[in-house]
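Before any comments, here is the structure.
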Amino acid sequence: MKVLTMILIILATGLIIGGTLWGVLAWALVGWLKVVVGFGGMLLATVVNFFLYWTLWPHRPFEDDDD
């Protein structure tokens with residue numbers, strides 16, 4: 001499951017950042033809007049990666065051990 005998660009995170013990041021870069025370069029946007037679209041794409045990629053990690057990465061059960 002870890003390998004699948006890593007592949008999905010890499011692909012999702014590449015597609016989202018690539019699409020954002022394409023949008024910034026292809027659309028005739030003013031300077032501040034390019035910055036907003038760029039940060040929005042990076043924020044979206046971060047949220048998607050966190051969601052993939054949180055849902056697919058195997059977690060050990062939390063136990064109360066008083067060491």
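Just remember, in the structure tokens the first chain shown is A, the second B, etc., residues are 1-based per chain, and ligands are 1-based in the order shown.
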
message = Applying 12 Å and only C-alpha atoms, which residues near A:His59 remain after dropping the ones on its own chain fewer than 4 positions away? List them as a count of residues only.
response = 6

DSSP-assigned alpha helix (DSSP H) among chain A, expressed as a ChimeraX atom specification = /A:2-26,31-56

key: Atomic separation - atom CA of A:Leu44 relative to atom CA of A:Leu8, Å   = 14.6 Å

task = Could you give me, as a ChimeraX atom specification, the residues within 10 Å of A:Gly23, counting only C-alpha atoms and dropping anything in the same chain fewer than 3 positions from it?
result = /A:17-20,26-29,34,37-38,41

Put those residues in a file: N, CA, C and O atoms, as a tab-separated table (two decimals), in the first residue's frame.
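That gives us part.tsv:
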chain	number	residue	atom	x	y	z
A	17	ILE	N	0.53	20.47	-10.23
A	17	ILE	CA	1.50	21.55	-10.43
A	17	ILE	C	1.70	21.80	-11.93
A	17	ILE	O	1.80	22.96	-12.37
A	18	GLY	N	1.73	20.74	-12.74
A	18	GLY	CA	1.84	20.91	-14.19
A	18	GLY	C	0.65	21.65	-14.77
A	18	GLY	O	0.80	22.53	-15.62
A	19	GLY	N	-0.55	21.30	-14.32
A	19	GLY	CA	-1.74	22.00	-14.78
A	19	GLY	C	-1.76	23.46	-14.34
A	19	GLY	O	-2.17	24.34	-15.10
A	20	THR	N	-1.28	23.71	-13.13
A	20	THR	CA	-1.20	25.09	-12.65
A	20	THR	C	-0.20	25.88	-13.47
A	20	THR	O	-0.47	27.02	-13.88
A	26	ALA	N	-0.52	29.79	-20.05
A	26	ALA	CA	-1.44	29.83	-21.18
A	26	ALA	C	-2.44	30.98	-21.08
A	26	ALA	O	-2.81	31.57	-22.09
A	27	TRP	N	-2.88	31.28	-19.87
A	27	TRP	CA	-3.88	32.33	-19.71
A	27	TRP	C	-3.19	33.68	-19.60
A	27	TRP	O	-2.16	33.82	-18.96
A	28	ALA	N	-3.78	34.68	-20.21
A	28	ALA	CA	-3.24	36.04	-20.12
A	28	ALA	C	-3.77	36.68	-18.84
A	28	ALA	O	-4.81	37.34	-18.84
A	29	LEU	N	-3.09	36.44	-17.75
A	29	LEU	CA	-3.52	36.94	-16.45
A	29	LEU	C	-2.64	38.11	-16.01
A	29	LEU	O	-1.48	38.20	-16.40
A	34	LYS	N	-1.70	35.74	-11.41
A	34	LYS	CA	-0.78	34.62	-11.63
A	34	LYS	C	-0.27	34.08	-10.29
A	34	LYS	O	-0.15	32.87	-10.11
A	37	VAL	N	-3.15	32.10	-8.63
A	37	VAL	CA	-3.33	30.79	-9.27
A	37	VAL	C	-2.17	29.87	-8.90
A	37	VAL	O	-2.37	28.69	-8.61
A	38	GLY	N	-0.95	30.37	-8.89
A	38	GLY	CA	0.21	29.56	-8.51
A	38	GLY	C	0.13	29.05	-7.08
A	38	GLY	O	0.34	27.86	-6.82
A	41	GLY	N	-2.65	26.43	-6.77
A	41	GLY	CA	-2.24	25.12	-7.26
A	41	GLY	C	-1.35	24.40	-6.26
A	41	GLY	O	-1.50	23.20	-6.03

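Going from atom CA of A:Thr13 over to atom CA of A:Leu33, you cover 21.2 Å.
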
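If you look at atom CA of A:Leu56 and atom CA of A:Leu15, they are 19.1 Å away from each other.
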
For A:Gly40, the nearest of the candidates A:Ile7, A:Ile16, A:Leu25, A:Leu52, counting only C-alpha atoms =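 Residue with the minimum atom-to-atom distance to A:Gly40: A:Ile16.
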